[in-house]
$ cat coords13.txt   # compact mmCIF, C-alpha atoms
# COMPACT_ATOMS: atom_id res chain seq x y z
CA MET A 224 98.37 35.22 114.11
CA LEU A 225 99.62 38.21 116.04
CA PHE A 226 103.22 37.05 115.55
CA SER A 227 102.58 36.47 111.86
CA ASN A 228 101.19 39.99 111.42
CA LEU A 229 104.18 41.45 113.16
CA VAL A 230 106.55 39.61 110.85
CA ILE A 231 104.69 40.70 107.74
CA ARG A 232 104.54 44.34 108.87
CA SER A 233 108.22 44.35 109.81
CA ALA A 234 109.14 42.97 106.41
CA SER A 235 107.04 45.54 104.57
CA PHE A 236 108.56 48.42 106.50
CA ALA A 237 112.14 47.22 106.38
CA PRO A 238 113.15 49.27 103.28
CA SER A 239 111.76 52.52 104.70
CA LEU A 240 113.43 51.89 108.03
CA LEU A 241 116.70 51.29 106.23
CA ARG A 242 116.34 54.59 104.36
CA SER A 243 115.47 56.43 107.58
CA SER A 244 118.57 55.08 109.28
CA THR A 245 120.73 57.18 106.98
CA ARG A 246 118.94 60.37 107.95
CA THR A 247 119.91 62.48 110.95
CA PHE A 248 117.00 63.86 112.96
CA ALA A 249 117.41 67.00 115.02
CA ALA A 250 116.96 66.48 118.73
CA MET A 251 114.33 68.58 120.43
CA PRO A 252 116.18 71.61 121.87
CA SER A 253 116.13 72.02 125.63
CA ILE A 254 116.06 75.83 125.70
CA ARG A 255 113.01 77.78 124.60
CA PRO A 256 112.71 81.48 123.80
CA VAL A 257 111.60 83.42 126.86
CA SER A 258 108.80 84.87 124.76
CA PRO A 259 107.18 82.82 121.96
CA GLU A 260 105.44 85.89 120.53
CA PHE A 261 106.61 86.28 116.94
CA SER A 262 103.29 87.41 115.46
CA SER A 263 103.37 90.03 112.70
CA GLY A 264 100.44 91.90 114.16
CA PRO A 265 99.43 92.61 116.75
CA CYS A 266 103.05 92.23 117.72
CA LYS A 267 104.94 91.47 120.90
CA LYS A 268 104.81 94.02 123.71
CA ARG A 269 108.02 95.77 124.62
CA PRO A 270 110.48 94.06 127.01
CA GLY A 271 109.48 94.63 130.62
CA TYR A 272 105.94 95.64 129.72
CA ASP A 273 103.52 95.78 132.65
CA MET A 274 99.92 96.65 131.87
CA GLY A 275 99.36 97.38 135.55
CA LYS A 276 101.67 100.37 135.31
CA LEU A 277 99.65 102.16 132.63
CA PRO A 278 98.13 105.44 133.87
CA THR A 279 94.41 105.24 134.63
CA ARG A 280 93.81 108.99 134.52
CA ASN A 281 91.62 108.70 131.42
CA LEU A 282 89.49 105.74 132.46
CA GLY A 283 85.86 106.75 132.78
CA ARG A 284 86.63 110.17 131.32
CA SER A 285 85.64 111.74 128.01
CA HIS A 286 88.32 111.79 125.33
CA ARG A 287 87.20 115.40 124.83
CA SER A 288 87.96 116.32 128.43
CA LYS A 289 90.97 118.46 129.19
CA VAL A 290 92.99 115.44 130.34
CA GLY A 291 91.83 113.38 127.36
CA LYS A 292 92.79 115.97 124.76
CA SER A 293 96.11 116.67 126.45
CA THR A 294 96.94 112.95 126.45
CA LEU A 295 96.12 112.64 122.75
CA LYS A 296 98.11 115.77 121.93
CA PHE A 297 101.07 114.46 123.91
CA ALA A 298 100.98 111.22 121.92
CA ILE A 299 100.94 113.23 118.68
CA ASP A 300 103.76 115.54 119.78
CA GLU A 301 105.96 112.65 120.91
CA THR A 302 105.31 110.83 117.64
CA LYS A 303 106.51 113.84 115.65
CA ARG A 304 109.56 114.30 117.85
CA LEU A 305 110.71 110.69 117.89
CA LEU A 306 110.07 110.05 114.19
CA GLY A 307 111.70 113.33 113.18
CA VAL A 308 108.57 114.42 111.32
CA PRO A 309 109.07 117.94 109.88
CA GLU A 310 107.45 120.71 111.89
CA ASP A 311 105.10 121.72 109.08
CA TYR A 312 103.72 118.19 108.68
CA LEU A 313 100.54 117.18 110.50
CA VAL A 314 100.08 114.02 112.58
CA GLY A 315 96.68 112.68 113.58
CA ILE A 316 95.22 109.63 115.32
CA VAL A 317 92.44 108.12 113.24
CA PRO A 318 90.07 105.11 113.38
CA ALA A 319 90.50 101.58 112.05
CA SER A 320 94.24 100.95 112.25
CA ASP A 321 96.53 101.45 109.24
CA THR A 322 93.78 100.26 106.93
CA GLY A 323 91.49 103.04 108.05
CA ALA A 324 94.23 105.64 107.77
CA TYR A 325 95.22 104.59 104.25
CA GLU A 326 91.64 104.33 102.99
CA MET A 327 90.98 107.75 104.51
CA ALA A 328 93.82 109.17 102.44
CA MET A 329 92.81 107.42 99.21
CA TRP A 330 89.18 108.47 99.37
CA ASN A 331 90.09 112.11 100.03
CA VAL A 332 92.89 112.83 97.56
CA LEU A 333 92.87 110.36 94.66
CA GLY A 334 91.23 111.31 91.38
CA GLU A 335 92.73 114.77 90.98
CA ARG A 336 95.33 113.40 88.54
CA ASP A 337 96.53 110.12 87.05
CA VAL A 338 97.70 107.47 89.50
CA ASP A 339 100.55 104.96 89.62
CA ILE A 340 99.92 102.10 92.06
CA CYS A 341 102.78 99.82 93.10
CA HIS A 342 102.16 96.49 94.78
CA TRP A 343 104.05 93.27 95.40
CA GLU A 344 102.06 91.66 98.22
CA SER A 345 98.50 91.36 99.48
CA PHE A 346 97.92 94.74 101.15
CA GLY A 347 99.30 96.78 98.27
CA LYS A 348 97.21 94.67 95.93
CA GLY A 349 94.23 95.53 98.11
CA TRP A 350 94.87 99.26 97.68
CA PHE A 351 94.94 98.74 93.91
CA GLY A 352 91.68 96.83 94.05
CA ASP A 353 89.99 99.55 96.08
CA ALA A 354 91.23 102.27 93.74
CA VAL A 355 89.87 100.49 90.68
CA SER A 356 86.78 98.67 91.95
CA HIS A 357 85.47 100.99 94.66
CA LEU A 358 86.80 104.43 93.83
CA ASN A 359 86.37 103.61 90.13
CA LEU A 360 89.37 105.77 89.29
CA LYS A 361 89.69 104.35 85.79
CA ASP A 362 86.44 106.12 84.92
CA THR A 363 88.08 109.54 85.32
CA VAL A 364 91.89 109.20 85.32
CA SER A 365 94.57 106.85 84.04
CA VAL A 366 95.67 104.17 86.52
CA THR A 367 99.04 102.50 85.94
CA GLU A 368 99.73 99.28 87.82
CA HIS A 369 103.32 98.39 88.76
CA THR A 370 103.40 94.88 90.17
CA ALA A 371 105.71 91.98 90.90
CA ASP A 372 105.41 88.47 92.28
CA TYR A 373 105.97 87.75 95.95
CA GLY A 374 109.65 88.05 96.76
CA HIS A 375 110.32 90.77 94.18
CA LEU A 376 109.87 94.51 93.68
CA PRO A 377 108.44 96.04 90.50
CA ASP A 378 110.60 98.40 88.45
CA LEU A 379 110.19 101.48 90.61
CA ALA A 380 112.32 103.55 88.23
CA SER A 381 109.43 103.39 85.78
CA VAL A 382 107.00 105.03 88.22
CA ASN A 383 105.86 108.50 87.18
CA THR A 384 105.92 110.64 90.30
CA ASP A 385 104.22 113.51 88.51
CA ASN A 386 101.19 111.28 89.00
CA ASP A 387 99.89 110.39 92.43
CA VAL A 388 101.72 107.29 93.67
CA CYS A 389 100.44 104.61 96.06
CA PHE A 390 102.98 102.18 97.50
CA THR A 391 103.83 100.10 100.54
CA PHE A 392 107.16 100.86 102.20
CA ASN A 393 107.48 97.40 103.70
CA GLY A 394 105.42 94.47 102.46
CA THR A 395 104.36 92.81 105.70
CA THR A 396 103.08 89.68 103.95
CA SER A 397 106.05 89.20 101.61
CA GLY A 398 109.00 90.47 103.64
CA VAL A 399 109.99 92.76 100.76
CA ARG A 400 110.68 96.46 101.37
CA VAL A 401 111.74 99.36 99.23
CA PRO A 402 115.49 99.78 99.80
CA ASN A 403 115.21 103.55 99.37
CA CYS A 404 112.98 106.24 97.90
CA ASP A 405 115.45 107.67 95.40
CA TRP A 406 112.95 106.88 92.65
CA ILE A 407 110.64 109.59 94.02
CA LYS A 408 111.49 113.02 92.56
CA ASP A 409 111.95 115.94 94.91
CA ASP A 410 110.16 118.22 92.43
CA ARG A 411 107.29 115.78 91.78
CA LYS A 412 103.87 117.13 90.91
CA GLY A 413 101.90 114.23 92.34
CA LEU A 414 101.41 113.10 95.92
CA THR A 415 103.00 109.97 97.37
CA LEU A 416 100.73 107.84 99.56
CA CYS A 417 102.90 105.51 101.64
CA ASP A 418 101.59 102.60 103.68
CA ALA A 419 104.35 102.33 106.28
CA THR A 420 102.58 100.23 108.87
CA SER A 421 105.47 97.82 109.48
CA ALA A 422 108.20 100.32 108.58
CA CYS A 423 107.66 103.33 110.87
CA PHE A 424 109.94 103.14 113.91
CA ALA A 425 111.97 100.35 112.24
CA MET A 426 113.24 101.91 109.00
CA GLU A 427 114.51 105.31 107.94
CA MET A 428 111.57 107.35 106.69
CA PRO A 429 112.60 109.98 104.08
CA TRP A 430 109.90 112.50 104.93
CA GLU A 431 110.79 114.82 102.06
CA LYS A 432 109.70 112.02 99.70
CA LEU A 433 106.47 111.18 101.55
CA ASP A 434 103.31 113.26 101.34
CA ILE A 435 100.87 110.97 103.11
CA THR A 436 102.17 108.30 105.45
CA THR A 437 100.13 105.85 107.49
CA TYR A 438 100.94 103.25 110.10
CA SER A 439 99.47 101.42 113.06
CA TRP A 440 101.13 101.38 116.44
CA GLN A 441 100.23 97.68 116.84
CA LYS A 442 103.17 96.76 114.59
CA VAL A 443 106.69 97.92 115.42
CA LEU A 444 105.81 99.37 118.82
CA GLY A 445 103.73 96.39 119.93
CA GLY A 446 100.72 98.58 120.67
CA GLU A 447 97.06 97.64 120.61
CA GLY A 448 94.89 97.43 117.50
CA ALA A 449 92.07 99.60 116.11
CA HIS A 450 93.93 102.91 115.79
CA GLY A 451 95.87 104.35 112.87
CA VAL A 452 98.25 107.27 112.51
CA LEU A 453 98.04 109.63 109.54
CA ILE A 454 100.92 111.98 108.62
CA LEU A 455 100.35 114.75 106.08
CA SER A 456 102.86 116.97 104.28
CA PRO A 457 101.98 120.59 103.39
CA ARG A 458 101.43 119.42 99.81
CA ALA A 459 98.89 116.87 101.02
CA VAL A 460 97.10 119.54 103.04
CA GLU A 461 96.98 121.75 99.95
CA ARG A 462 95.36 118.94 97.97
CA LEU A 463 92.77 118.38 100.68
CA GLU A 464 91.88 122.08 100.66
CA THR A 465 91.71 122.48 96.88
CA TYR A 466 90.30 119.20 95.61
CA VAL A 467 86.88 117.74 96.33
CA PRO A 468 86.17 114.45 94.55
CA SER A 469 82.93 114.63 92.58
CA ASN A 470 80.21 112.05 93.21
CA ARG A 471 82.17 110.55 96.10
CA PRO A 472 80.32 110.79 99.41
CA LEU A 473 82.73 110.57 102.35
CA PRO A 474 81.73 108.74 105.54
CA LYS A 475 82.13 110.81 108.67
CA ILE A 476 85.21 108.89 109.80
CA PHE A 477 86.97 109.85 106.52
CA ARG A 478 86.37 113.60 106.66
CA MET A 479 89.42 115.78 107.25
CA THR A 480 88.21 119.23 106.16
CA LYS A 481 85.60 121.73 107.26
CA LYS A 482 84.39 124.47 104.93
CA GLY A 483 87.25 123.85 102.54
CA LYS A 484 90.01 123.98 105.17
CA ILE A 485 91.88 121.25 106.98
CA ASP A 486 90.27 120.41 110.31
CA ALA A 487 93.25 121.38 112.45
CA ALA A 488 91.67 120.00 115.61
CA LEU A 489 92.19 116.44 114.31
CA PHE A 490 95.93 116.99 114.50
CA THR A 491 96.08 118.63 117.93
CA GLY A 492 94.27 116.13 120.14
CA ALA A 493 90.71 115.87 118.85
CA THR A 494 89.62 112.68 117.11
CA ILE A 495 86.85 111.93 114.63
CA ASN A 496 85.33 109.27 116.85
CA THR A 497 85.97 107.87 120.32
CA PRO A 498 89.40 106.28 120.71
CA SER A 499 90.40 103.78 123.36
CA MET A 500 92.25 105.95 125.82
CA ILE A 501 93.88 102.94 127.46
CA ALA A 502 95.27 102.02 124.03
CA VAL A 503 96.59 105.58 123.74
CA GLU A 504 98.28 105.26 127.15
CA ASP A 505 99.74 101.95 125.95
CA TYR A 506 101.12 103.74 122.87
CA ILE A 507 102.63 106.48 125.02
CA ASP A 508 104.30 103.78 127.12
CA ALA A 509 105.91 102.36 123.94
CA LEU A 510 107.03 105.85 122.91
CA ALA A 511 108.64 106.38 126.32
CA TRP A 512 110.44 103.03 125.97
CA THR A 513 111.69 104.13 122.54
CA ASP A 514 112.95 107.40 123.97
CA GLY A 515 114.67 105.60 126.84
CA LEU A 516 116.60 103.38 124.43
CA GLY A 517 117.90 106.38 122.54
CA GLY A 518 115.21 106.91 119.92
CA VAL A 519 114.24 105.32 116.63
CA SER A 520 117.84 104.56 115.66
CA ALA A 521 118.04 102.17 118.62
CA LEU A 522 114.85 100.43 117.51
CA MET A 523 116.22 100.10 113.99
CA LYS A 524 119.39 98.49 115.31
CA ARG A 525 117.45 95.98 117.41
CA SER A 526 115.42 94.97 114.38
CA GLN A 527 118.48 94.71 112.15
CA ASP A 528 120.23 92.58 114.77
CA ASN A 529 117.26 90.22 114.82
CA LEU A 530 117.33 89.96 111.04
CA GLY A 531 121.05 89.23 111.27
CA VAL A 532 120.40 86.16 113.41
CA ILE A 533 118.04 84.72 110.79
CA SER A 534 120.40 85.67 107.96
CA ASP A 535 123.22 83.72 109.60
CA PHE A 536 120.92 80.73 110.07
CA VAL A 537 119.74 80.82 106.45
CA ASP A 538 123.33 80.97 105.23
CA LYS A 539 124.11 77.75 107.13
CA ASN A 540 121.05 75.75 106.10
CA ASP A 541 120.04 74.91 102.54
CA TRP A 542 116.42 73.99 103.42
CA ILE A 543 115.41 77.56 104.32
CA ASP A 544 115.68 80.77 102.34
CA PHE A 545 114.30 84.30 102.31
CA LEU A 546 111.19 84.94 100.26
CA ALA A 547 112.79 88.28 99.31
CA VAL A 548 115.16 87.47 96.44
CA ASP A 549 117.31 90.60 96.63
CA PRO A 550 119.10 91.02 100.00
CA ALA A 551 118.70 94.82 99.69
CA THR A 552 114.92 94.41 99.83
CA ARG A 553 114.74 92.08 102.84
CA SER A 554 112.50 93.37 105.57
CA SER A 555 113.97 93.56 109.06
CA THR A 556 110.53 93.38 110.67
CA SER A 557 108.30 90.90 108.83
CA VAL A 558 110.90 88.29 107.92
CA CYS A 559 109.38 85.81 105.46
CA CYS A 560 111.12 82.54 104.62
CA THR A 561 110.45 79.63 102.30
CA LEU A 562 111.19 76.05 103.34
CA LYS A 563 111.90 72.87 101.40
CA LEU A 564 108.54 71.53 102.55
CA ASP A 565 105.17 71.32 100.88
CA SER A 566 102.29 73.48 102.09
CA ASP A 567 100.86 70.85 104.44
CA GLN A 568 104.28 70.24 105.97
CA ILE A 569 104.75 73.97 106.51
CA LYS A 570 101.44 74.09 108.36
CA LYS A 571 102.65 71.18 110.48
CA PHE A 572 105.98 72.99 110.99
CA ALA A 573 104.20 76.06 112.40
CA ALA A 574 101.80 73.95 114.46
CA LEU A 575 104.67 72.01 116.05
CA LEU A 576 106.33 75.21 117.25
CA GLU A 577 103.05 76.53 118.60
CA GLU A 578 102.31 73.25 120.43
CA GLN A 579 105.72 73.48 122.09
CA GLU A 580 105.01 77.14 122.99
CA VAL A 581 108.17 78.10 121.17
CA ALA A 582 106.79 80.37 118.44
CA PHE A 583 103.23 81.60 118.04
CA ASP A 584 101.58 82.75 114.79
CA ILE A 585 104.49 82.31 112.37
CA GLY A 586 102.58 80.75 109.50
CA GLY A 587 102.85 82.71 106.27
CA TYR A 588 100.03 85.04 105.27
CA ARG A 589 97.08 83.27 103.65
CA ASP A 590 97.64 84.90 100.24
CA ALA A 591 101.42 84.42 100.26
CA PRO A 592 103.29 81.43 98.81
CA PRO A 593 103.78 78.60 101.35
CA SER A 594 106.17 80.12 103.86
CA ILE A 595 106.74 81.20 107.44
CA ARG A 596 106.82 84.73 108.79
CA ILE A 597 108.85 85.60 111.88
CA TRP A 598 108.37 89.05 113.35
CA CYS A 599 111.76 90.60 114.14
CA GLY A 600 110.72 94.10 115.13
CA SER A 601 112.41 95.94 117.95
CA THR A 602 110.19 94.61 120.74
CA VAL A 603 111.52 91.11 120.05
CA GLU A 604 114.69 90.24 121.93
CA LYS A 605 117.67 89.07 119.89
CA GLU A 606 118.28 86.29 122.42
CA ASP A 607 114.81 84.91 121.73
CA VAL A 608 115.47 84.85 117.98
CA GLU A 609 118.72 83.01 118.66
CA LYS A 610 116.95 80.46 120.85
CA LEU A 611 114.31 79.95 118.17
CA MET A 612 116.78 78.87 115.47
CA PRO A 613 117.49 75.32 116.74
CA TRP A 614 113.75 74.82 117.06
CA LEU A 615 113.30 75.68 113.39
CA GLU A 616 115.67 72.84 112.51
CA TRP A 617 113.82 70.47 114.82
CA ALA A 618 110.44 71.43 113.35
CA TYR A 619 111.78 71.02 109.82
CA GLU A 620 112.92 67.47 110.50
CA THR A 621 109.85 66.55 112.51
CA ALA A 622 107.39 67.94 109.95
CA GLN A 623 108.69 65.40 107.43
CA GLU A 624 108.00 62.37 109.62

$ encode --input "coords13.txt" --output "structure tokens"
Amino acid sequence: MLFSNLVIRSASFAPSLLRSSTRTFAAMPSIRPVSPEFSSGPCKKRPGYDMGKLPTRNLGRSHRSKVGKSTLKFAIDETKRLLGVPEDYLVGIVPASDTGAYEMAMWNVLGERDVDICHWESFGKGWFGDAVSHLNLKDTVSVTEHTADYGHLPDLASVNTDNDVCFTFNGTTSGVRVPNCDWIKDDRKGLTLCDATSACFAMEMPWEKLDITTYSWQKVLGGEGAHGVLILSPRAVERLETYVPSNRPLPKIFRMTKKGKIDAALFTGATINTPSMIAVEDYIDALAWTDGLGGVSALMKRSQDNLGVISDFVDKNDWIDFLAVDPATRSSTSVCCTLKLDSDQIKKFAALLEEQEVAFDIGGYRDAPPSIRIWCGSTVEKEDVEKLMPWLEWAYETAQE
């Protein structure tokens, strides 16, 4: 009976085996990336990072102590210097990562005039939802939505920059960035609110076009979570000092003014609530690494080089493509790719690479089309991206078995 079953099963599988024999399977590569950390946030620590070398001067001390305030002020000053932020702009460290920083800006300044909101991925869509459903802006001003499907940008030329404008510089969940900010007028009447969480330190920031900019150091610099950075132009400060939204109570962690004037202490080393001082030291370590490489331009080059590795791979393989349709809009940090696999196979693809400790956390964002997302920011070594490419081919073939 056992022999009979074997014969029957062999006969029934013969056609599929014959078909499989014409297909070439990729062999499992023998060389793995040194670091499998390709997460899009929190992101990989810088090369050579050693937590044991972080200063402990602030441990057990108040963030309002002399050493605490001086450490925070140093982080702010170095941020301005390395990013080339204009002298008359303000930089502050605020709670709740980039999300907290951007919500802080929205709740303080929006509603003074009509608003144009641009979104083409999940976080930008979230800002639109908050503006309409929580700030209820449509009750008092006109709100114009400029949107596009994943992989595309909306028509930014149609944005009215005499209105306030909300937009994301780099769509972390779609891999689509704005190629430039030429669509923003220099003599605009409105404010621009730019979510630059995965763009700062990786892309050229045209400060003259940006009135409020936010980011989190857990992205490009590989810092720790929970803290955001808020950058204000003089025009943004003027709005804060002249406009008070009616019937909009502000939680304490959102308040930036006192008695009608900007709270300058927030931008010189004081914070609204208690920050993690070890996370601040970690950020300063990343800033020092940036400076040692030659500044932001060196980080931009590292990220572009990483993107170049994936671009070359995509060009040579017809089963993988960028989610971003226009090459000019391809992100160099959050690189999103589609595969000729169904959604379950893509989940298997990502799981296979994680099981082999080759690439962690590269599944596409939950709201994005079925895809993968490989972080290629400056803390990722080009050699590791190169070593990852053969594994992508192996995972693609294996996921179909």

$ residues_around --input "coords13.txt" --residues "Ser262 (chain A)" --least-positions-apart "6" --cutoff "12 Å" --atoms "all atoms listed in the file" --output "count of residues only"
29

$ residues_around --input "coords13.txt" --residues "Trp440 (chain A)" --least-positions-apart "2" --cutoff "9 Å" --atoms "all atoms listed in the file" --output "mmCIF file with C-alpha atoms, keeping the file's coordinate frame"
data_model
loop_
_atom_site.group_PDB
_atom_site.id
_atom_site.type_symbol
_atom_site.label_atom_id
_atom_site.label_comp_id
_atom_site.auth_asym_id
_atom_site.auth_seq_id
_atom_site.Cartn_x
_atom_site.Cartn_y
_atom_site.Cartn_z
ATOM 1 C CA PRO A 265 99.430 92.610 116.750
ATOM 2 C CA SER A 320 94.240 100.950 112.250
ATOM 3 C CA ASP A 321 96.530 101.450 109.240
ATOM 4 C CA THR A 420 102.580 100.230 108.870
ATOM 5 C CA SER A 421 105.470 97.820 109.480
ATOM 6 C CA CYS A 423 107.660 103.330 110.870
ATOM 7 C CA TYR A 438 100.940 103.250 110.100
ATOM 8 C CA LYS A 442 103.170 96.760 114.590
ATOM 9 C CA VAL A 443 106.690 97.920 115.420
ATOM 10 C CA LEU A 444 105.810 99.370 118.820
ATOM 11 C CA GLY A 445 103.730 96.390 119.930
ATOM 12 C CA GLY A 446 100.720 98.580 120.670
ATOM 13 C CA GLU A 447 97.060 97.640 120.610
ATOM 14 C CA GLY A 448 94.890 97.430 117.500
ATOM 15 C CA HIS A 450 93.930 102.910 115.790
ATOM 16 C CA GLY A 451 95.870 104.350 112.870
ATOM 17 C CA VAL A 452 98.250 107.270 112.510
ATOM 18 C CA TYR A 506 101.120 103.740 122.870
ATOM 19 C CA ALA A 509 105.910 102.360 123.940
#

$ atom_distance --input "coords13.txt" --atom1 "CA of Lys348 (chain A)" --atom2 "CA of Lys303 (chain A)"
29.0 Å

$ residues_around --input "coords13.txt" --residues "Pro309 (chain A)" --least-positions-apart "4" --cutoff "9 Å" --atoms "all atoms listed in the file" --output "ChimeraX atom specification"
/A:303-304,313,430-431,456

$ residues_near_point --input "coords13.txt" --point "(112.0, 110.8, 118.7)" --cutoff "12 Å" --atoms "only C-alpha atoms" --output "list in words"
Ala298, Ile299, Asp300, Glu301, Thr302, Lys303, Arg304, Leu305, Leu306, Gly307, Val308, Pro309, Cys423, Phe424, Ala509, Leu510, Ala511, Trp512, Thr513, Asp514, Gly515, Leu516, Gly517, Gly518, Val519, Ser520, Ala521 and Leu522 of chain A

$ atom_distance --input "coords13.txt" --atom1 "CA of Ser356 (chain A)" --atom2 "CA of Lys408 (chain A)"
28.6 Å

$ residues_around --input "coords13.txt" --residues "Ile254 (chain A)" --least-positions-apart "6" --cutoff "12 Å" --atoms "only C-alpha atoms" --output "MDAnalysis selection string"
chainID A and resid 579:581 606:614

$ residues_around --input "coords13.txt" --residues "Lys563 (chain A)" --least-positions-apart "6" --cutoff "12 Å" --atoms "only C-alpha atoms" --output "MDAnalysis selection string"
chainID A and resid 540:545 569 572 593:595 616 619:620 622:623

$ write_last_selection --input "coords13.txt" --atoms "C-alpha atoms" --output "tab-separated table (two decimals), in the frame of the given file"
chain	number	residue	atom	x	y	z
A	540	ASN	CA	121.05	75.75	106.10
A	541	ASP	CA	120.04	74.91	102.54
A	542	TRP	CA	116.42	73.99	103.42
A	543	ILE	CA	115.41	77.56	104.32
A	544	ASP	CA	115.68	80.77	102.34
A	545	PHE	CA	114.30	84.30	102.31
A	569	ILE	CA	104.75	73.97	106.51
A	572	PHE	CA	105.98	72.99	110.99
A	593	PRO	CA	103.78	78.60	101.35
A	594	SER	CA	106.17	80.12	103.86
A	595	ILE	CA	106.74	81.20	107.44
A	616	GLU	CA	115.67	72.84	112.51
A	619	TYR	CA	111.78	71.02	109.82
A	620	GLU	CA	112.92	67.47	110.50
A	622	ALA	CA	107.39	67.94	109.95
A	623	GLN	CA	108.69	65.40	107.43

$ closest_residue --input "coords13.txt" --among "A:Cys560, A:Ile407, A:Leu414, A:Leu575" --to "Leu379 (chain A)" --atoms "only C-alpha atoms"
A:Ile407

$ atom_distance --input "coords13.txt" --atom1 "CA of Leu360 (chain A)" --atom2 "CA of Asp337 (chain A)"
8.7 Å

$ closest_residue --input "coords13.txt" --among "A:Leu546, A:Leu416, A:Gly374, A:Gly394" --to "Tyr325 (chain A)" --atoms "all atoms listed in the file"
A:Leu416

$ residues_near_point --input "coords13.txt" --point "(108.9, 114.4, 94.1)" --cutoff "9 Å" --atoms "all atoms listed in the file" --output "ChimeraX atom specification"
/A:384-385,406-415,431-433

$ write_last_selection --input "coords13.txt" --atoms "C-alpha atoms" --output "PDB file, keeping the file's coordinate frame"
ATOM      1  CA  THR A 384     105.920 110.640  90.300  1.00  0.00           C
ATOM      2  CA  ASP A 385     104.220 113.510  88.510  1.00  0.00           C
ATOM      3  CA  TRP A 406     112.950 106.880  92.650  1.00  0.00           C
ATOM      4  CA  ILE A 407     110.640 109.590  94.020  1.00  0.00           C
ATOM      5  CA  LYS A 408     111.490 113.020  92.560  1.00  0.00           C
ATOM      6  CA  ASP A 409     111.950 115.940  94.910  1.00  0.00           C
ATOM      7  CA  ASP A 410     110.160 118.220  92.430  1.00  0.00           C
ATOM      8  CA  ARG A 411     107.290 115.780  91.780  1.00  0.00           C
ATOM      9  CA  LYS A 412     103.870 117.130  90.910  1.00  0.00           C
ATOM     10  CA  GLY A 413     101.900 114.230  92.340  1.00  0.00           C
ATOM     11  CA  LEU A 414     101.410 113.100  95.920  1.00  0.00           C
ATOM     12  CA  THR A 415     103.000 109.970  97.370  1.00  0.00           C
ATOM     13  CA  GLU A 431     110.790 114.820 102.060  1.00  0.00           C
ATOM     14  CA  LYS A 432     109.700 112.020  99.700  1.00  0.00           C
ATOM     15  CA  LEU A 433     106.470 111.180 101.550  1.00  0.00           C
TER      16      LEU A 433
END

$ closest_residue --input "coords13.txt" --among "A:Ala551, A:Cys266, A:Leu576, A:Leu295" --to "Asn403 (chain A)" --atoms "only C-alpha atoms"
A:Ala551

$ decode --input "coords13.txt" --residues "region 432-449 of chain A" --atoms "C-alpha atoms" --output "CSV table (one decimal), in the first residue's frame"
chain,number,residue,atom,x,y,z
A,432,LYS,CA,10.9,78.2,1.4
A,433,LEU,CA,10.1,76.6,4.8
A,434,ASP,CA,8.4,78.4,7.7
A,435,ILE,CA,7.8,75.5,10.1
A,436,THR,CA,9.9,72.4,9.7
A,437,THR,CA,9.8,69.3,11.9
A,438,TYR,CA,11.7,66.1,12.1
A,439,SER,CA,12.8,63.3,14.5
A,440,TRP,CA,16.3,62.4,15.1
A,441,GLN,CA,15.4,58.7,15.2
A,442,LYS,CA,15.3,58.7,11.4
A,443,VAL,CA,18.3,59.8,9.3
A,444,LEU,CA,20.7,60.1,12.3
A,445,GLY,CA,19.7,56.8,13.9
A,446,GLY,CA,18.8,58.4,17.2
A,447,GLU,CA,16.3,57.3,19.8
A,448,GLY,CA,12.6,57.9,19.7
A,449,ALA,CA,10.2,60.1,21.6
